[in-house]
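S.K.: To be precise about what I am sending: the file is called work_31.cif and holds mmCIF, C-alpha atoms.
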```cif
data_model
#
loop_
_atom_site.label_atom_id
_atom_site.label_comp_id
_atom_site.auth_asym_id
_atom_site.auth_seq_id
_atom_site.Cartn_x
_atom_site.Cartn_y
_atom_site.Cartn_z
CA MET P 1007 -9.05 -50.77 20.16
CA VAL P 1008 -7.22 -50.90 23.47
CA ARG P 1009 -3.62 -51.42 24.51
CA ALA P 1010 -2.72 -54.76 26.04
CA GLY P 1011 -2.81 -54.68 29.81
CA GLY P 1012 -4.62 -51.36 29.82
CA ALA P 1013 -8.35 -51.90 29.31
CA GLY P 1014 -10.15 -48.73 28.44
CA VAL P 1015 -6.97 -46.88 27.47
CA ALA P 1016 -6.74 -45.68 23.89
CA ALA P 1017 -4.03 -47.16 21.74
CA GLY P 1018 -0.84 -45.19 21.38
CA PRO P 1019 2.77 -45.63 20.30
CA THR P 1020 4.48 -48.72 21.61
CA LEU P 1021 7.69 -48.63 23.58
CA ALA P 1022 9.50 -49.94 20.51
CA VAL P 1023 8.36 -46.86 18.57
CA VAL P 1024 9.57 -44.59 21.39
CA ALA P 1025 12.92 -46.39 21.49
CA ARG P 1026 13.37 -46.02 17.72
CA GLU P 1027 12.46 -42.32 17.89
CA ALA P 1028 15.01 -41.72 20.68
CA GLY P 1029 17.69 -43.87 19.04
CA VAL P 1030 17.99 -46.31 21.96
CA SER P 1031 17.16 -49.92 22.66
CA VAL P 1032 13.74 -51.00 23.96
CA PRO P 1033 15.25 -52.12 27.34
CA THR P 1034 16.84 -48.67 27.75
CA ALA P 1035 13.54 -46.94 26.97
CA SER P 1036 11.85 -49.27 29.47
CA LYS P 1037 14.35 -48.25 32.15
CA VAL P 1038 13.48 -44.60 31.65
CA VAL P 1039 9.73 -45.29 31.72
CA ASN P 1040 10.15 -47.25 34.96
CA GLY P 1041 12.37 -44.66 36.60
CA ARG P 1042 15.49 -46.80 36.82
CA GLU P 1043 18.63 -44.94 37.90
CA ASP P 1044 21.16 -46.70 35.65
CA VAL P 1045 20.57 -44.49 32.58
CA ALA P 1046 22.86 -41.69 31.41
CA PRO P 1047 21.33 -38.18 31.82
CA GLU P 1048 21.54 -37.40 28.05
CA THR P 1049 19.89 -40.73 27.18
CA ARG P 1050 17.16 -40.10 29.75
CA ARG P 1051 16.54 -36.67 28.21
CA ARG P 1052 16.17 -38.05 24.67
CA VAL P 1053 13.80 -40.81 25.76
CA THR P 1054 11.72 -38.44 27.88
CA GLU P 1055 11.38 -36.00 25.00
CA ALA P 1056 10.34 -38.85 22.68
CA LEU P 1057 7.75 -40.04 25.20
CA ASP P 1058 6.23 -36.57 25.39
CA ARG P 1059 6.45 -35.92 21.67
CA LEU P 1060 4.72 -39.18 20.73
CA GLY P 1061 2.13 -38.98 23.50
CA TYR P 1062 3.14 -42.27 25.09
CA VAL P 1063 0.70 -43.09 27.91
CA ARG P 1064 2.62 -44.07 31.03
CA ARG P 1065 0.93 -46.12 33.67
CA PRO P 1066 0.62 -44.39 37.08
CA ARG P 1067 3.73 -44.61 39.23
CA PHE P 1068 1.97 -44.63 42.57
CA ASP P 1069 -1.58 -45.13 43.72
CA ALA P 1070 -2.04 -44.73 47.47
CA ALA P 1071 -5.50 -46.31 47.27
CA LYS P 1072 -4.03 -49.53 45.87
CA ALA P 1073 -0.96 -49.67 48.11
CA PRO P 1074 -0.93 -52.70 50.42
CA GLY P 1075 -0.45 -50.67 53.61
CA LEU P 1076 3.36 -50.66 53.69
CA VAL P 1077 5.64 -47.83 54.70
CA ASP P 1078 9.40 -48.00 54.14
CA LEU P 1079 11.74 -46.81 56.87
CA VAL P 1080 15.30 -46.28 55.62
CA LEU P 1081 17.85 -46.08 58.46
CA HIS P 1082 21.53 -45.27 58.20
CA SER P 1083 22.30 -48.13 60.62
CA LEU P 1084 20.69 -50.64 62.96
CA GLU P 1085 23.62 -50.61 65.36
CA ASP P 1086 22.94 -47.51 67.45
CA SER P 1087 20.32 -46.36 69.91
CA CYS P 1088 19.26 -43.43 67.66
CA SER P 1089 17.91 -45.89 65.11
CA GLY P 1090 16.15 -47.85 67.83
CA ALA P 1091 14.28 -44.75 69.00
CA VAL P 1092 13.30 -43.86 65.43
CA LEU P 1093 12.05 -47.39 64.77
CA ARG P 1094 9.95 -47.39 67.96
CA GLY P 1095 8.30 -44.11 67.09
CA ALA P 1096 7.60 -45.03 63.47
CA GLU P 1097 6.24 -48.46 64.36
CA ALA P 1098 3.89 -47.09 67.03
CA ALA P 1099 2.47 -44.44 64.68
CA ALA P 1100 2.19 -46.98 61.83
CA TYR P 1101 0.23 -49.33 64.06
CA GLU P 1102 -2.22 -46.54 64.88
CA ALA P 1103 -2.62 -45.83 61.15
CA GLY P 1104 -3.10 -49.50 60.24
CA LEU P 1105 0.18 -49.69 58.33
CA GLU P 1106 3.15 -52.04 58.40
CA VAL P 1107 6.76 -50.86 58.44
CA VAL P 1108 9.44 -52.31 56.16
CA VAL P 1109 12.90 -51.51 57.55
CA SER P 1110 16.11 -51.30 55.55
CA ALA P 1111 19.47 -50.07 56.78
CA GLY P 1112 22.79 -49.13 55.30
CA PRO P 1113 24.28 -46.42 53.09
CA VAL P 1114 22.22 -45.08 50.22
CA ARG P 1115 25.41 -44.40 48.29
CA THR P 1116 28.28 -46.64 47.23
CA ARG P 1117 31.83 -46.10 48.49
CA ASP P 1118 32.67 -43.87 45.54
CA GLY P 1119 29.70 -41.62 46.39
CA ARG P 1120 27.36 -42.75 43.60
CA PRO P 1121 23.72 -43.58 44.43
CA GLU P 1122 23.22 -47.17 45.51
CA ARG P 1123 21.06 -48.98 42.94
CA GLY P 1124 18.31 -51.37 43.79
CA ARG P 1125 17.05 -50.10 47.15
CA LEU P 1126 14.58 -47.62 45.69
CA ASP P 1127 13.61 -49.97 42.88
CA ARG P 1128 12.55 -52.54 45.48
CA LEU P 1129 10.58 -49.85 47.31
CA ALA P 1130 8.54 -49.14 44.18
CA ALA P 1131 8.16 -52.81 43.30
CA ARG P 1132 6.44 -53.66 46.57
CA GLY P 1133 4.03 -50.70 46.24
CA SER P 1134 5.10 -48.85 49.36
CA SER P 1135 2.74 -46.12 50.54
CA GLY P 1136 5.75 -43.87 51.13
CA ALA P 1137 9.20 -43.64 52.65
CA LEU P 1138 10.66 -42.28 55.87
CA VAL P 1139 14.40 -41.60 55.62
CA HIS P 1140 16.48 -41.16 58.78
CA LEU P 1141 19.82 -39.31 58.49
CA ALA P 1142 20.73 -40.86 55.12
CA GLU P 1143 21.96 -38.21 52.69
CA LEU P 1144 20.07 -38.75 49.45
CA SER P 1145 21.61 -37.81 46.12
CA ALA P 1146 20.00 -35.51 43.57
CA THR P 1147 19.30 -38.60 41.46
CA GLN P 1148 17.50 -40.32 44.34
CA TYR P 1149 15.40 -37.25 45.09
CA ALA P 1150 14.48 -37.12 41.39
CA TRP P 1151 13.65 -40.83 41.42
CA LEU P 1152 11.20 -40.40 44.30
CA GLU P 1153 9.57 -37.42 42.63
CA HIS P 1154 9.39 -39.23 39.28
CA HIS P 1155 7.58 -42.19 40.87
CA ARG P 1156 5.35 -39.82 42.84
CA ILE P 1157 6.13 -41.66 46.07
CA PRO P 1158 5.67 -39.42 49.12
CA TYR P 1159 8.63 -39.26 51.50
CA VAL P 1160 9.66 -37.45 54.68
CA LEU P 1161 13.16 -36.98 56.08
CA ILE P 1162 13.69 -37.61 59.79
CA ASP P 1163 16.40 -35.51 61.47
CA PRO P 1164 18.36 -34.85 58.26
CA ALA P 1165 22.05 -34.21 58.84
CA HIS P 1166 22.23 -31.68 55.98
CA GLU P 1167 19.84 -29.07 54.68
CA PRO P 1168 17.46 -30.84 52.24
CA PRO P 1169 16.49 -29.34 48.89
CA ALA P 1170 13.73 -26.74 48.81
CA GLY P 1171 10.28 -28.24 49.13
CA VAL P 1172 11.37 -31.50 50.79
CA VAL P 1173 9.38 -32.27 53.93
CA SER P 1174 11.42 -33.02 57.06
CA VAL P 1175 11.01 -33.39 60.82
CA GLY P 1176 13.76 -32.44 63.24
CA ALA P 1177 14.43 -31.08 66.70
CA ALA P 1178 14.72 -27.48 67.90
CA ASP P 1179 18.49 -27.79 68.23
CA ARG P 1180 19.12 -24.07 68.50
CA GLN P 1181 16.82 -24.05 71.51
CA GLY P 1182 18.70 -27.06 72.86
CA GLY P 1183 22.09 -25.42 72.44
CA ALA P 1184 20.86 -22.32 74.23
CA SER P 1185 19.39 -24.32 77.13
CA ALA P 1186 22.59 -26.38 77.59
CA THR P 1187 24.79 -23.29 77.70
CA GLY P 1188 22.24 -21.39 79.78
CA HIS P 1189 22.26 -24.19 82.37
CA LEU P 1190 26.04 -24.04 82.65
CA LEU P 1191 26.05 -20.24 82.80
CA GLY P 1192 23.54 -20.46 85.64
CA LEU P 1193 25.97 -22.67 87.55
CA GLY P 1194 28.70 -20.05 87.14
CA HIS P 1195 30.62 -21.44 84.13
CA GLU P 1196 31.95 -19.03 81.53
CA ARG P 1197 34.65 -21.10 79.85
CA ILE P 1198 32.27 -23.44 78.04
CA ALA P 1199 33.53 -25.63 75.20
CA VAL P 1200 31.40 -27.16 72.45
CA ILE P 1201 32.35 -30.34 70.59
CA THR P 1202 30.03 -30.69 67.64
CA GLY P 1203 29.84 -32.71 64.45
CA HIS P 1204 30.84 -31.74 60.93
CA PRO P 1205 30.67 -27.95 60.48
CA ARG P 1206 28.11 -28.27 57.66
CA THR P 1207 25.55 -30.33 59.57
CA VAL P 1208 22.16 -28.78 60.31
CA THR P 1209 22.07 -29.95 63.93
CA GLY P 1210 25.65 -28.93 64.76
CA ASN P 1211 25.23 -25.44 63.33
CA ALA P 1212 21.93 -24.95 65.15
CA ARG P 1213 23.36 -26.02 68.51
CA LEU P 1214 26.35 -23.76 68.07
CA ALA P 1215 24.06 -20.86 67.17
CA GLY P 1216 22.08 -21.48 70.36
CA HIS P 1217 25.32 -21.63 72.37
CA ARG P 1218 26.47 -18.28 70.99
CA SER P 1219 23.05 -16.75 71.61
CA ALA P 1220 23.09 -17.81 75.28
CA LEU P 1221 26.61 -16.43 75.76
CA ALA P 1222 25.62 -13.11 74.20
CA SER P 1223 22.51 -12.84 76.38
CA ALA P 1224 24.70 -13.36 79.47
CA GLY P 1225 27.34 -10.89 78.30
CA VAL P 1226 29.99 -13.63 78.03
CA ARG P 1227 32.48 -13.48 75.15
CA TYR P 1228 32.35 -16.24 72.56
CA ARG P 1229 35.73 -17.91 72.16
CA ALA P 1230 36.36 -19.79 68.93
CA GLU P 1231 39.16 -21.87 70.48
CA TYR P 1232 36.54 -23.58 72.65
CA VAL P 1233 34.73 -24.99 69.59
CA ARG P 1234 35.93 -28.33 68.19
CA HIS P 1235 34.53 -30.79 65.64
CA ALA P 1236 34.40 -34.55 66.02
CA GLY P 1237 32.55 -37.36 64.31
CA ASP P 1238 32.63 -40.07 66.96
CA GLU P 1239 33.58 -40.98 70.51
CA ALA P 1240 37.27 -41.58 69.72
CA THR P 1241 37.70 -38.21 68.00
CA ALA P 1242 35.84 -36.46 70.83
CA ARG P 1243 38.39 -37.92 73.24
CA LEU P 1244 41.24 -36.38 71.21
CA ARG P 1245 39.46 -33.02 70.98
CA THR P 1246 38.99 -33.00 74.75
CA HIS P 1247 42.73 -33.43 75.24
CA GLU P 1248 43.27 -30.47 72.90
CA LEU P 1249 40.89 -28.36 74.98
CA LEU P 1250 42.62 -29.35 78.21
CA ASP P 1251 45.96 -28.26 76.75
CA LEU P 1252 44.75 -24.69 76.20
CA PRO P 1253 46.28 -22.02 78.48
CA TRP P 1254 42.83 -21.53 79.98
CA PRO P 1255 41.03 -24.86 79.55
CA PRO P 1256 37.24 -24.94 79.70
CA THR P 1257 35.38 -25.69 82.90
CA ALA P 1258 32.50 -27.30 81.02
CA VAL P 1259 31.92 -29.17 77.74
CA CYS P 1260 28.77 -29.56 75.60
CA CYS P 1261 28.61 -32.41 73.08
CA SER P 1262 26.40 -35.28 71.90
CA ASP P 1263 25.67 -38.16 74.27
CA ARG P 1264 27.94 -40.51 72.33
CA MET P 1265 30.77 -38.00 72.22
CA ALA P 1266 30.37 -37.48 75.96
CA LEU P 1267 31.73 -40.98 76.49
CA GLY P 1268 34.94 -39.87 74.76
CA VAL P 1269 35.03 -36.72 76.87
CA TYR P 1270 34.66 -38.80 80.04
CA ALA P 1271 37.53 -41.05 78.91
CA ALA P 1272 39.86 -38.11 78.22
CA LEU P 1273 39.11 -36.52 81.56
CA ALA P 1274 39.81 -39.81 83.36
CA GLU P 1275 43.14 -40.06 81.53
CA ARG P 1276 44.06 -36.63 82.92
CA GLY P 1277 43.02 -37.54 86.43
CA LEU P 1278 40.03 -35.20 86.30
CA SER P 1279 36.53 -36.07 87.42
CA VAL P 1280 33.01 -35.18 86.31
CA PRO P 1281 31.56 -32.85 87.56
CA ASP P 1282 34.08 -31.91 90.29
CA ASP P 1283 36.67 -30.65 87.82
CA ILE P 1284 34.70 -30.29 84.58
CA SER P 1285 30.97 -30.36 83.91
CA VAL P 1286 29.60 -32.15 80.84
CA VAL P 1287 26.24 -31.66 79.06
CA GLY P 1288 25.13 -34.03 76.31
CA PHE P 1289 22.61 -33.91 73.47
CA GLY P 1290 20.12 -36.66 72.74
CA ASP P 1291 19.04 -38.29 76.01
CA LEU P 1292 19.94 -41.68 74.57
CA PRO P 1293 20.39 -44.74 76.81
CA GLU P 1294 24.12 -43.93 76.94
CA ALA P 1295 23.29 -40.80 78.94
CA ARG P 1296 21.74 -42.85 81.73
CA TRP P 1297 24.44 -45.54 81.65
CA ALA P 1298 27.31 -43.06 81.97
CA VAL P 1299 28.96 -42.64 85.39
CA PRO P 1300 28.05 -40.10 86.58
CA ALA P 1301 24.73 -40.01 84.74
CA LEU P 1302 24.82 -37.38 82.01
CA THR P 1303 22.91 -34.12 82.13
CA THR P 1304 21.63 -33.82 78.58
CA VAL P 1305 19.27 -32.08 76.17
CA ARG P 1306 16.52 -34.48 75.20
CA ARG P 1307 15.94 -34.73 71.45
CA PRO P 1308 12.59 -36.53 70.99
CA LEU P 1309 13.63 -38.98 68.25
CA ALA P 1310 10.70 -41.36 68.71
CA GLU P 1311 8.22 -38.49 68.57
CA MET P 1312 10.01 -37.10 65.50
CA ALA P 1313 9.59 -40.42 63.70
CA ALA P 1314 5.92 -40.67 64.71
CA THR P 1315 5.29 -37.12 63.50
CA ALA P 1316 7.04 -37.91 60.22
CA LEU P 1317 4.85 -40.97 59.66
CA ARG P 1318 1.65 -39.02 60.30
CA LEU P 1319 2.80 -36.38 57.81
CA LEU P 1320 3.54 -39.15 55.33
CA VAL P 1321 0.01 -40.56 55.68
CA ARG P 1322 -1.46 -37.12 54.98
CA MET P 1323 0.78 -36.69 51.95
CA ALA P 1324 -0.24 -40.11 50.60
CA ASP P 1325 -3.84 -38.91 50.85
CA GLY P 1326 -2.96 -35.95 48.65
CA GLU P 1327 -2.61 -33.34 51.40
CA ARG P 1328 0.42 -31.05 51.37
CA PRO P 1329 1.68 -30.09 54.85
CA GLU P 1330 1.93 -26.42 55.77
CA GLY P 1331 5.62 -25.64 55.53
CA THR P 1332 8.34 -28.18 54.86
CA ARG P 1333 10.18 -28.23 58.19
CA THR P 1334 8.61 -29.39 61.47
CA GLU P 1335 10.64 -28.96 64.65
CA LEU P 1336 9.83 -30.60 67.98
CA SER P 1337 10.90 -28.99 71.23
CA THR P 1338 13.95 -30.09 73.19
CA ARG P 1339 14.31 -29.97 76.95
CA LEU P 1340 17.14 -30.15 79.46
CA VAL P 1341 17.29 -33.29 81.60
CA ARG P 1342 19.36 -32.63 84.73
CA ARG P 1343 21.42 -35.48 86.12
CA ALA P 1344 24.77 -35.73 87.90
CA SER P 1345 27.34 -34.49 85.37
CA THR P 1346 27.09 -30.75 86.05
CA ALA P 1347 28.04 -28.63 89.06
CA PRO P 1348 29.46 -25.15 89.78
CA PRO P 1349 32.97 -24.74 88.34
CA ALA P 1350 36.00 -25.84 90.33
CA ASN P 1351 39.56 -24.56 89.86
CA CYS P 1352 40.05 -26.60 86.73
CA VAL P 1353 43.38 -24.95 85.86
CA ASN P 1354 44.95 -26.02 89.16
CA ALA P 1355 43.48 -29.50 88.87
CA ALA P 1356 44.89 -29.95 85.38
CA ALA P 1357 48.29 -28.67 86.45
CA ARG P 1358 48.30 -31.04 89.41
CA SER P 1359 47.40 -33.91 87.10
CA GLU P 1360 50.32 -33.10 84.76
CA ALA P 1361 52.73 -32.88 87.71
CA GLU P 1362 51.70 -36.29 88.96
CA ARG P 1363 52.16 -38.02 85.59
#
```
Would you mind writing the file out in C-alpha cells?
M.R.:
Amino acid sequence: MVRAGGAGVAAGPTLAVVAREAGVSVPTASKVVNGREDVAPETRRRVTEALDRLGYVRRPRFDAAKAPGLVDLVLHSLEDSCSGAVLRGAEAAAYEAGLEVVVSAGPVRTRDGRPERGRLDRLAARGSSGALVHLAELSATQYAWLEHHRIPYVLIDPAHEPPAGVVSVGAADRQGGASATGHLLGLGHERIAVITGHPRTVTGNARLAGHRSALASAGVRYRAEYVRHAGDEATARLRTHELLDLPWPPTAVCCSDRMALGVYAALAERGLSVPDDISVVGFGDLPEARWAVPALTTVRRPLAEMAATALRLLVRMADGERPEGTRTELSTRLVRRASTAPPANCVNAAARSEAER
C-alpha cells in the first residue's frame, strides 16, 4: 500500500490524524508542514511534536537536482546605484553558471517590524535553487523558514552581524577605513572627521576601527567629537555643519559616497570649497563619486564582485558543499581623484565665511 501522490512511500498517518493529535485544524497542520510563517510558535511546536511522534513522512523541501535553474536575488531597493552593481554582478555570475535570476525588491518586514509574509512562500513555490539577500535584515522567523525549507542562501554586504553559521560576503571595510585615513594623514591632515552610518552596522564599525588604527599607527590622537552618525545625504549635511561649528573644525571628512554629496552641500553653504578648504574621501566608488564636482576620492567597495562571489558560493551550497568559514571579505582599494589635497587653514576660512554672511 502506498500513500497518494507518493509512489513507493510506505503508508503513514494522514495530516488529519496529525491535526487531531495536536488539537488543531487540518489547514493549520498543513501550514506547519509547508513552513508557512503565519502560525503561532506554541501551535507550531505542538504540530511539530505530533509529526515526529506519529512518524509523519514529509516530502522533501528542496531538491537542487529538480530546481528549474532559478536563483532569487532579494534587494532592499531598486532605486540606488548599490543595487544596480549587485544585480550586474549576480546576473553575470548566474549566466556563467547557466542560471536565471529572479529579482524582488522592498522591505522584508512590515512597518511594525513583523516579517513580511508571502515573499518567501513564493520563493519556495517556484522551486528556487537558492537566495541571495542584499542588505535586507532578515528576522529570526525568516532565517528559520529558510533553514526549515532547506533552501541555501547567502547574504551580500549585510548591514548587521548575521547569526552564527550564516554565509555572507562583504568588503574589507576595516582595511578601507585605514586606507582612507592613511591617505589623508599622508597629505598632512590630522583633524580628520568620520561620518558613518548607524553605530551598530557592521560596515560602519569596521571603517571606524580602521580609522582609529591608522591614527594610532601615525601617533595621532583619536577625537570622539570628530565622529558623527548619519543615515542619508540630508543628515550628513547637518552633521557637517555641526563639525564646522567645533572650535577646531576638521580639515578632512571621510564618509560614504552618497553622504559625500551632503558634505559637499554643507561646505558650499559655508563658502568653503573641496579640496582647497576641506578634503573629502568617500566609500563605495559608486557612480555618484565620479559625477561629483570635484570628482570624489573614494575607497572602492567591489559590490559587483561581492554579488558574483555570493552566487558562486550559493551554487556550491546547492550542490551540497559547505564553504570554509561563513564570512568572505573582498579587498577594498583607494581610488584617488580630485577631492583631496594638503590641508589649508580651514579655521581662518570658516571664520571668514561667517564674517561675510
S.K.: Record the distance separating atom CA of P:His1204 and atom CA of P:Ser1083, expressed in Å with one decimal.
M.R.: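 Between atom CA of P:His1204 and atom CA of P:Ser1083 the gap is 18.5 Å.
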S.K.: Using the chain letters and numbers from this file, what does the PyMOL selection byres ((chain P and resi 1056) around 10) select? Give the answer as an MDAnalysis selection string.
M.R.: chainID P and resid 1023:1029 1035 1050:1055 1057:1062
S.K.: Nearest residue to P:Leu1292 out of P:Val1233, P:Ala1146, P:Ala1310, P:Ala1258, using only C-alpha atoms?
M.R.: P:Ala1310
S.K.: Please report, as a tab-separated table, each residue of stretch 1197-1256 of chain P lying at most 8 Å from stretch 1176-1186 of chain P, together with the nearest pair of atoms and the separation in Å rounded to one decimal; use all atoms listed in the file, and order rows by chain and ascending residue number.
M.R.:
```
residue	atom	partner	partner_atom	distance
P:Thr1209	CA	P:Asp1179	CA	6.0
P:Ala1212	CA	P:Arg1180	CA	4.5
P:Arg1213	CA	P:Gly1183	CA	4.2
P:Leu1214	CA	P:Gly1183	CA	6.3
P:Ala1215	CA	P:Arg1180	CA	6.0
P:Gly1216	CA	P:Ala1184	CA	4.1
P:His1217	CA	P:Ala1184	CA	4.9
P:Arg1218	CA	P:Ala1184	CA	7.6
P:Ser1219	CA	P:Ala1184	CA	6.5
P:Ala1220	CA	P:Ala1184	CA	5.1
```
S.K.: Could you list the residues chosen by the PyMOL selection byres ((chain P and resi 1151) around 10) in this structure as a count of residues only?
M.R.: 18
S.K.: Neighbouring residues of stretch 1241-1253 of chain P were defined as those with any atom within 7 Å, considering all atoms listed in the file; residues of the same chain fewer than 3 positions away were excluded. Please report them as a list in words.
M.R.: Tyr1232, Arg1234, Ala1236, Gly1237, Asp1238, Pro1256, Met1265, Gly1268, Val1269, Ala1271 and Ala1272 of chain P
S.K.: For P:Ala1347, please output as a list of chain:residue names all residues within 10 Å (counting all atoms listed in the file; exclusion window: fewer than 3 positions along the same chain).
M.R.: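 Non-adjacent residues within range: P:His1189, P:Leu1190, P:Gly1192, P:Leu1193, P:Gly1194, P:His1195, P:Ala1258, P:Val1280, P:Pro1281, P:Asp1282, P:Asp1283, P:Ile1284, P:Ser1285, P:Val1286, P:Arg1343, P:Ala1344, P:Ala1350.
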S.K.: Considering all atoms listed in the file, can you say which of P:Glu1048, P:Ala1313, P:Ser1279, P:Ser1036 comes closest to P:Leu1141?
M.R.: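 Looking only at the distances to P:Leu1141, the closest residue turns out to be P:Ala1313.
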S.K.: Enter the distance from atom CA of P:Leu1267 to atom CA of P:Trp1297, in Å, rounded to one decimal.
M.R.: 10.0 Å
S.K.: I need the residue nearest P:Leu1340 from this list: P:Pro1033, P:Pro1308, P:Gly1095, P:Gly1277. Use only C-alpha atoms for the distance.
M.R.: P:Pro1308
S.K.: Would you mind reading off the distance between atom CA of P:Pro1348 and atom CA of P:Ala1266, one decimal, in Å?
M.R.: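 Calculated distance between atom CA of P:Pro1348 and atom CA of P:Ala1266 is 18.5 Å.
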S.K.: Got a sec: who's within 10 Å of P:Arg1206, counting all atoms listed in the file, leaving out chain neighbours fewer than 5 positions off, as a ChimeraX atom specification?
M.R.: /P:1165-1167,1211
S.K.: Name the residues that the PyMOL selection byres ((chain P and resi 1132) around 10) picks from the file above, as a PDB file with C-alpha atoms, in the coordinates of the input, using the file's chain letters and numbers.
M.R.:
```
ATOM      1  CA  ALA P1073      -0.960 -49.670  48.110  1.00  0.00           C
ATOM      2  CA  PRO P1074      -0.930 -52.700  50.420  1.00  0.00           C
ATOM      3  CA  LEU P1076       3.360 -50.660  53.690  1.00  0.00           C
ATOM      4  CA  ASP P1078       9.400 -48.000  54.140  1.00  0.00           C
ATOM      5  CA  ASP P1127      13.610 -49.970  42.880  1.00  0.00           C
ATOM      6  CA  ARG P1128      12.550 -52.540  45.480  1.00  0.00           C
ATOM      7  CA  LEU P1129      10.580 -49.850  47.310  1.00  0.00           C
ATOM      8  CA  ALA P1130       8.540 -49.140  44.180  1.00  0.00           C
ATOM      9  CA  ALA P1131       8.160 -52.810  43.300  1.00  0.00           C
ATOM     10  CA  GLY P1133       4.030 -50.700  46.240  1.00  0.00           C
ATOM     11  CA  SER P1134       5.100 -48.850  49.360  1.00  0.00           C
ATOM     12  CA  SER P1135       2.740 -46.120  50.540  1.00  0.00           C
TER      13      SER P1135
END
```
S.K.: Under the rule that all atoms listed in the file are counted, which of P:Leu1320, P:Arg1342, P:Pro1329, P:Val1038 is the nearest residue to P:Ala1103?
M.R.: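 When distances to P:Ala1103 are compared using all atoms listed in the file, the smallest one comes from P:Leu1320.
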S.K.: Using all atoms listed in the file, which protein or nucleic acid residues come within 8 Å of P:Gly1290? Drop anything in the same chain fewer than 3 positions from it, and give the result as a count of residues only.
M.R.: 7
S.K.: Could you check which of P:Thr1257, P:Thr1020, P:Thr1315, P:Thr1346 is closest to P:Thr1303, using all atoms listed in the file?
M.R.: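 Answer, going by the shortest atom-to-atom distance: P:Thr1346.
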S.K.: Tell me, as a list in words, which residues lie within 8 Å of P:Arg1333, counting all atoms listed in the file; anything in the same chain fewer than 2 positions away does not count.
M.R.: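 After dropping sequence-adjacent residues, the list is Val1173, Ser1174, Val1175, Gly1176, Gly1331 and Glu1335 of chain P.
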S.K.: Kindly reconstruct stretch 1170-1175 of chain P with all heavy atoms and present the result as a short mmCIF file (atom, residue, chain, number, x, y, z; two decimals), in the frame of the given file.
M.R.:
```
data_model
loop_
_atom_site.label_atom_id
_atom_site.label_comp_id
_atom_site.auth_asym_id
_atom_site.auth_seq_id
_atom_site.Cartn_x
_atom_site.Cartn_y
_atom_site.Cartn_z
N ALA P 1170 14.96 -27.50 48.59
CA ALA P 1170 13.73 -26.74 48.81
C ALA P 1170 12.51 -27.59 48.49
O ALA P 1170 12.49 -28.31 47.49
CB ALA P 1170 13.73 -25.48 47.94
N GLY P 1171 11.52 -27.52 49.36
CA GLY P 1171 10.28 -28.24 49.13
C GLY P 1171 10.22 -29.63 49.73
O GLY P 1171 9.15 -30.23 49.79
N VAL P 1172 11.36 -30.16 50.20
CA VAL P 1172 11.37 -31.50 50.79
C VAL P 1172 10.89 -31.41 52.23
O VAL P 1172 11.35 -30.58 53.01
CB VAL P 1172 12.79 -32.11 50.73
CG1 VAL P 1172 12.84 -33.42 51.51
CG2 VAL P 1172 13.20 -32.34 49.28
N VAL P 1173 9.96 -32.28 52.59
CA VAL P 1173 9.38 -32.27 53.93
C VAL P 1173 10.30 -33.00 54.91
O VAL P 1173 10.78 -34.10 54.61
CB VAL P 1173 7.98 -32.93 53.92
CG1 VAL P 1173 7.39 -32.98 55.32
CG2 VAL P 1173 7.06 -32.17 52.97
N SER P 1174 10.55 -32.40 56.07
CA SER P 1174 11.42 -33.02 57.06
C SER P 1174 10.92 -32.72 58.46
O SER P 1174 10.19 -31.75 58.69
CB SER P 1174 12.87 -32.53 56.90
OG SER P 1174 12.97 -31.15 57.22
N VAL P 1175 11.33 -33.58 59.40
CA VAL P 1175 11.01 -33.39 60.82
C VAL P 1175 12.32 -33.45 61.60
O VAL P 1175 13.12 -34.37 61.40
CB VAL P 1175 10.06 -34.48 61.33
CG1 VAL P 1175 9.77 -34.28 62.82
CG2 VAL P 1175 8.75 -34.48 60.54
#
```
